[in-house]
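Q: My structure is in coords05.pdb, and what it holds is PDB, C-alpha atoms, pLDDT in the B column:
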```pdb
ATOM      1  CA  GLU X   2       6.691 -26.612 -10.902  1.00 88.00           C
ATOM      2  CA  PRO X   3      10.246 -27.461  -9.844  1.00 93.00           C
ATOM      3  CA  VAL X   4       9.688 -28.610  -6.243  1.00 93.00           C
ATOM      4  CA  MET X   5       7.961 -31.854  -7.239  1.00 91.00           C
ATOM      5  CA  GLY X   6       9.961 -32.166 -10.449  1.00 91.00           C
ATOM      6  CA  PHE X   7       7.088 -31.315 -12.803  1.00 93.00           C
ATOM      7  CA  CYS X   8       9.552 -29.279 -14.886  1.00 94.00           C
ATOM      8  CA  ASN X   9      13.310 -29.175 -15.317  1.00 94.00           C
ATOM      9  CA  LYS X  10      15.558 -26.191 -14.531  1.00 93.00           C
ATOM     10  CA  ALA X  11      15.659 -24.968 -18.144  1.00 96.00           C
ATOM     11  CA  GLN X  12      11.852 -25.039 -18.388  1.00 97.00           C
ATOM     12  CA  TYR X  13      11.509 -23.249 -15.060  1.00 96.00           C
ATOM     13  CA  ASP X  14      14.039 -20.546 -15.994  1.00 96.00           C
ATOM     14  CA  GLN X  15      12.388 -19.978 -19.375  1.00 97.00           C
ATOM     15  CA  PHE X  16       8.948 -19.744 -17.775  1.00 96.00           C
ATOM     16  CA  MET X  17      10.127 -17.188 -15.215  1.00 96.00           C
ATOM     17  CA  VAL X  18      11.424 -14.986 -18.068  1.00 96.00           C
ATOM     18  CA  GLN X  19       8.293 -15.426 -20.173  1.00 97.00           C
ATOM     19  CA  VAL X  20       5.714 -14.699 -17.472  1.00 97.00           C
ATOM     20  CA  PRO X  21       6.389 -10.941 -17.131  1.00 97.00           C
ATOM     21  CA  GLU X  22       6.730 -10.624 -20.915  1.00 97.00           C
ATOM     22  CA  PHE X  23       3.336 -12.262 -21.437  1.00 98.00           C
ATOM     23  CA  GLU X  24       1.734 -10.222 -18.657  1.00 97.00           C
ATOM     24  CA  HIS X  25       3.129  -7.041 -20.200  1.00 98.00           C
ATOM     25  CA  MET X  26       1.547  -7.917 -23.552  1.00 97.00           C
ATOM     26  CA  LEU X  27      -1.792  -8.374 -21.794  1.00 97.00           C
ATOM     27  CA  TYR X  28      -1.337  -5.052 -19.985  1.00 97.00           C
ATOM     28  CA  GLU X  29      -0.550  -3.255 -23.261  1.00 97.00           C
ATOM     29  CA  ASP X  30      -3.779  -4.680 -24.712  1.00 98.00           C
ATOM     30  CA  GLY X  31      -5.764  -3.180 -21.824  1.00 96.00           C
ATOM     31  CA  VAL X  32      -6.287  -6.364 -19.828  1.00 96.00           C
ATOM     32  CA  VAL X  33      -6.485  -5.793 -16.086  1.00 95.00           C
ATOM     33  CA  LEU X  34      -4.558  -8.653 -14.545  1.00 96.00           C
ATOM     34  CA  ILE X  35      -5.048  -9.364 -10.850  1.00 97.00           C
ATOM     35  CA  LYS X  36      -2.627 -11.841  -9.293  1.00 96.00           C
ATOM     36  CA  PHE X  37      -3.562 -13.114  -5.858  1.00 96.00           C
ATOM     37  CA  TRP X  38      -1.301 -15.295  -3.758  1.00 95.00           C
ATOM     38  CA  PHE X  39      -3.467 -17.008  -1.165  1.00 95.00           C
ATOM     39  CA  SER X  40      -1.068 -17.381   1.746  1.00 94.00           C
ATOM     40  CA  ILE X  41      -1.717 -19.943   4.449  1.00 93.00           C
ATOM     41  CA  SER X  42       0.334 -21.008   7.432  1.00 93.00           C
ATOM     42  CA  LYS X  43       1.807 -24.490   7.437  1.00 93.00           C
ATOM     43  CA  GLU X  44      -0.201 -25.322  10.555  1.00 93.00           C
ATOM     44  CA  GLU X  45      -3.522 -24.168   9.077  1.00 94.00           C
ATOM     45  CA  GLN X  46      -2.859 -26.060   5.857  1.00 92.00           C
ATOM     46  CA  LYS X  47      -2.159 -29.249   7.836  1.00 92.00           C
ATOM     47  CA  LYS X  48      -5.360 -28.720   9.811  1.00 94.00           C
ATOM     48  CA  ARG X  49      -7.359 -28.418   6.571  1.00 92.00           C
ATOM     49  CA  PHE X  50      -5.715 -31.506   5.094  1.00 92.00           C
ATOM     50  CA  ASP X  51      -6.565 -33.495   8.229  1.00 91.00           C
ATOM     51  CA  ALA X  52     -10.177 -32.273   8.057  1.00 91.00           C
ATOM     52  CA  ARG X  53     -10.399 -33.421   4.438  1.00 91.00           C
ATOM     53  CA  LEU X  54      -9.139 -36.865   5.357  1.00 91.00           C
ATOM     54  CA  GLU X  55     -11.656 -37.168   8.196  1.00 93.00           C
ATOM     55  CA  ASN X  56     -14.666 -36.061   6.143  1.00 92.00           C
ATOM     56  CA  PRO X  57     -15.782 -38.511   3.424  1.00 91.00           C
ATOM     57  CA  LEU X  58     -17.471 -35.653   1.538  1.00 92.00           C
ATOM     58  CA  LYS X  59     -14.196 -33.705   1.361  1.00 90.00           C
ATOM     59  CA  ARG X  60     -11.781 -36.579   0.912  1.00 88.00           C
ATOM     60  CA  TRP X  61     -11.832 -36.131  -2.874  1.00 90.00           C
ATOM     61  CA  LYS X  62     -10.045 -32.786  -2.419  1.00 89.00           C
ATOM     62  CA  PHE X  63      -7.025 -34.477  -0.909  1.00 88.00           C
ATOM     63  CA  SER X  64      -4.073 -35.874  -2.839  1.00 88.00           C
ATOM     64  CA  PRO X  65      -0.894 -37.597  -1.602  1.00 87.00           C
ATOM     65  CA  VAL X  66       0.940 -34.721  -3.310  1.00 88.00           C
ATOM     66  CA  ASP X  67      -0.619 -32.403  -0.707  1.00 88.00           C
ATOM     67  CA  MET X  68       1.069 -34.165   2.209  1.00 86.00           C
ATOM     68  CA  LYS X  69       4.357 -34.377   0.322  1.00 91.00           C
ATOM     69  CA  GLY X  70       4.099 -30.617  -0.200  1.00 89.00           C
ATOM     70  CA  GLN X  71       3.834 -30.138   3.557  1.00 90.00           C
ATOM     71  CA  ALA X  72       7.133 -31.980   3.965  1.00 92.00           C
ATOM     72  CA  LEU X  73       8.701 -29.717   1.325  1.00 94.00           C
ATOM     73  CA  TRP X  74       7.350 -26.479   2.834  1.00 93.00           C
ATOM     74  CA  ASP X  75      10.753 -24.743   2.996  1.00 94.00           C
ATOM     75  CA  LYS X  76      11.568 -25.599  -0.611  1.00 95.00           C
ATOM     76  CA  TYR X  77       8.163 -24.312  -1.719  1.00 94.00           C
ATOM     77  CA  THR X  78       8.776 -21.123   0.256  1.00 93.00           C
ATOM     78  CA  TYR X  79      12.083 -20.605  -1.550  1.00 94.00           C
ATOM     79  CA  TYR X  80      10.466 -20.997  -4.979  1.00 94.00           C
ATOM     80  CA  LYS X  81       7.520 -18.822  -3.955  1.00 94.00           C
ATOM     81  CA  GLU X  82       9.922 -15.995  -3.121  1.00 92.00           C
ATOM     82  CA  GLN X  83      11.755 -16.553  -6.409  1.00 93.00           C
ATOM     83  CA  MET X  84       8.457 -16.367  -8.278  1.00 94.00           C
ATOM     84  CA  PHE X  85       7.506 -13.136  -6.542  1.00 94.00           C
ATOM     85  CA  SER X  86      10.877 -11.518  -7.204  1.00 92.00           C
ATOM     86  CA  LYS X  87      10.853 -12.498 -10.890  1.00 94.00           C
ATOM     87  CA  THR X  88       7.200 -11.892 -11.764  1.00 95.00           C
ATOM     88  CA  HIS X  89       6.101  -8.971  -9.566  1.00 95.00           C
ATOM     89  CA  THR X  90       5.906  -5.823 -11.698  1.00 94.00           C
ATOM     90  CA  ASN X  91       4.218  -2.429 -11.516  1.00 92.00           C
ATOM     91  CA  PHE X  92       1.857  -3.428 -14.338  1.00 94.00           C
ATOM     92  CA  SER X  93       1.137  -6.841 -12.803  1.00 95.00           C
ATOM     93  CA  PRO X  94       1.779  -6.856  -9.057  1.00 95.00           C
ATOM     94  CA  TRP X  95       1.277  -9.749  -6.684  1.00 96.00           C
ATOM     95  CA  ILE X  96      -1.390  -9.221  -4.032  1.00 95.00           C
ATOM     96  CA  ILE X  97      -0.845 -11.445  -1.019  1.00 95.00           C
ATOM     97  CA  VAL X  98      -3.999 -12.562   0.772  1.00 95.00           C
ATOM     98  CA  LYS X  99      -3.763 -14.043   4.252  1.00 95.00           C
ATOM     99  CA  THR X 100      -6.109 -17.025   4.064  1.00 93.00           C
ATOM    100  CA  ASN X 101      -6.018 -18.685   7.465  1.00 94.00           C
ATOM    101  CA  ASP X 102      -9.564 -17.310   7.773  1.00 95.00           C
ATOM    102  CA  LYS X 103     -11.161 -18.528   4.517  1.00 94.00           C
ATOM    103  CA  LYS X 104     -14.337 -16.453   4.648  1.00 96.00           C
ATOM    104  CA  THR X 105     -12.528 -13.187   5.357  1.00 96.00           C
ATOM    105  CA  ALA X 106      -9.961 -13.893   2.647  1.00 96.00           C
ATOM    106  CA  ARG X 107     -12.678 -14.524   0.081  1.00 96.00           C
ATOM    107  CA  LEU X 108     -14.616 -11.396   0.998  1.00 94.00           C
ATOM    108  CA  GLU X 109     -11.505  -9.217   0.950  1.00 95.00           C
ATOM    109  CA  SER X 110     -10.469 -10.663  -2.417  1.00 96.00           C
ATOM    110  CA  LEU X 111     -13.860  -9.757  -3.848  1.00 94.00           C
ATOM    111  CA  ARG X 112     -13.592  -6.303  -2.297  1.00 93.00           C
ATOM    112  CA  TYR X 113     -10.191  -5.844  -3.958  1.00 95.00           C
ATOM    113  CA  VAL X 114     -11.502  -6.848  -7.390  1.00 95.00           C
ATOM    114  CA  LEU X 115     -14.491  -4.525  -7.042  1.00 91.00           C
ATOM    115  CA  SER X 116     -12.197  -1.669  -6.008  1.00 91.00           C
ATOM    116  CA  ARG X 117     -10.242  -1.995  -9.278  1.00 91.00           C
ATOM    117  CA  PHE X 118     -13.158  -1.353 -11.649  1.00 91.00           C
ATOM    118  CA  ASP X 119     -15.699   1.377 -12.245  1.00 90.00           C
ATOM    119  CA  TYR X 120     -19.325   0.334 -12.336  1.00 90.00           C
ATOM    120  CA  GLU X 121     -22.754   1.856 -11.839  1.00 91.00           C
ATOM    121  CA  GLY X 122     -23.462   2.466  -8.170  1.00 88.00           C
ATOM    122  CA  LYS X 123     -19.858   2.153  -7.086  1.00 88.00           C
ATOM    123  CA  GLY X 124     -19.282   4.154  -3.935  1.00 83.00           C
ATOM    124  CA  LYS X 125     -22.963   4.325  -2.996  1.00 87.00           C
ATOM    125  CA  SER X 126     -22.727   1.435  -0.576  1.00 82.00           C
ATOM    126  CA  LYS X 127     -22.006   2.121   3.074  1.00 84.00           C
ATOM    127  CA  ALA X 128     -19.529  -0.763   3.027  1.00 82.00           C
ATOM    128  CA  SER X 129     -15.915   0.136   2.417  1.00 83.00           C
ATOM    129  CA  LEU X 130     -14.422  -0.761  -0.949  1.00 83.00           C
ATOM    130  CA  PHE X 131     -10.936  -0.680   0.475  1.00 88.00           C
ATOM    131  CA  PRO X 132      -9.532  -4.108   1.275  1.00 90.00           C
ATOM    132  CA  ASP X 133      -8.409  -4.730   4.833  1.00 92.00           C
ATOM    133  CA  PRO X 134      -4.624  -4.157   4.950  1.00 91.00           C
ATOM    134  CA  ASN X 135      -4.405  -6.775   7.705  1.00 92.00           C
ATOM    135  CA  VAL X 136      -5.606  -9.375   5.194  1.00 94.00           C
ATOM    136  CA  MET X 137      -4.304  -8.107   1.849  1.00 93.00           C
ATOM    137  CA  VAL X 138      -0.988  -6.543   1.011  1.00 91.00           C
ATOM    138  CA  ARG X 139       0.859  -5.791  -2.185  1.00 91.00           C
ATOM    139  CA  TYR X 140       4.063  -7.818  -2.401  1.00 92.00           C
ATOM    140  CA  PHE X 141       7.146  -5.809  -1.491  1.00 84.00           C
ATOM    141  CA  ARG X 142      10.436  -6.887  -2.986  1.00 71.00           C
ATOM    142  CA  ASN X 143      13.140  -7.072  -0.353  1.00 67.00           C
ATOM    143  CA  ALA X 144      16.707  -6.856  -1.647  1.00 50.00           C
ATOM    144  CA  LYS X 145      17.745  -9.987   0.255  1.00 52.00           C
ATOM    145  CA  GLN X 146      14.981 -11.991  -1.488  1.00 50.00           C
ATOM    146  CA  ILE X 147      16.330 -11.350  -4.970  1.00 46.00           C
ATOM    147  CA  ASP X 148      18.159 -14.278  -6.505  1.00 46.00           C
ATOM    148  CA  ILE X 149      21.392 -12.791  -7.822  1.00 41.00           C
TER     149      ILE X 149
END
```
Can you give me the file's structure in the form of structure tokens?
A:
Amino acid sequence: EPVMGFCNKAQYDQFMVQVPEFEHMLYEDGVVLIKFWFSISKEEQKKRFDARLENPLKRWKFSPVDMKGQALWDKYTYYKEQMFSKTHTNFSPWIIVKTNDKKTARLESLRYVLSRFDYEGKGKSKASLFPDPNVMVRYFRNAKQIDI
């Protein structure tokens, strides 16, 4: 993770090359790989961090790295876009889940996973198996996002 310096540039570059290669090997072996990116607004994330700090039962979830990450939001956004552009493939696409509403995001994520597999009784429920497109979207590579 380059933003906090947990890896150097050479390690990061090598990892970004290796990820799609590894995912392709999994795909060729018949593994269904589902990659969710749980997207949250900066404001909602801050609100959740504050709630963790205020609640003694949730305080354990909080780390000083979390608040530092808030300060580095733009840098994280840059690397997130780089990750998407380098690791999003037809055989292993990124699915972006809007998570400002935690419960809805979780339910839609489950709905997406269930929609990807065949199982006994699938389709017999009155509930839709199609994820809400207002919550989940397949990443779309924009030409201006590609690091040339």
Q: Quote the spacing between atom CA of X:Leu130 and atom CA of X:Phe39 in Å to one decimal place.
A: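 These two atoms are separated by 19.6 Å.
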Q: Please measure the separation of atom CA of X:Phe23 and atom CA of X:Tyr113, giving the value in Å to one decimal.
A: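 A separation of 23.0 Å between them.
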Q: Using only C-alpha atoms for the distances, tell me which of X:Gly6, X:Asp119, X:Tyr140, X:Gln71 is nearest to X:Ile41.
A: X:Gln71
Q: Using all atoms listed in the file, pick whichever of X:Met84, X:Leu58, X:Val98, X:Leu115 has the shortest atom-to-atom distance to X:Asp14.
A: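 Closest to X:Asp14, using all atoms listed in the file: X:Met84.
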Q: Is it possible to get the residues within 10 Å of (-12.4, -27.7, -0.7) (coordinates as in the file, counting only C-alpha atoms) written as a PyMOL selection string?
A: chain X and resi 49-50+53+58-63
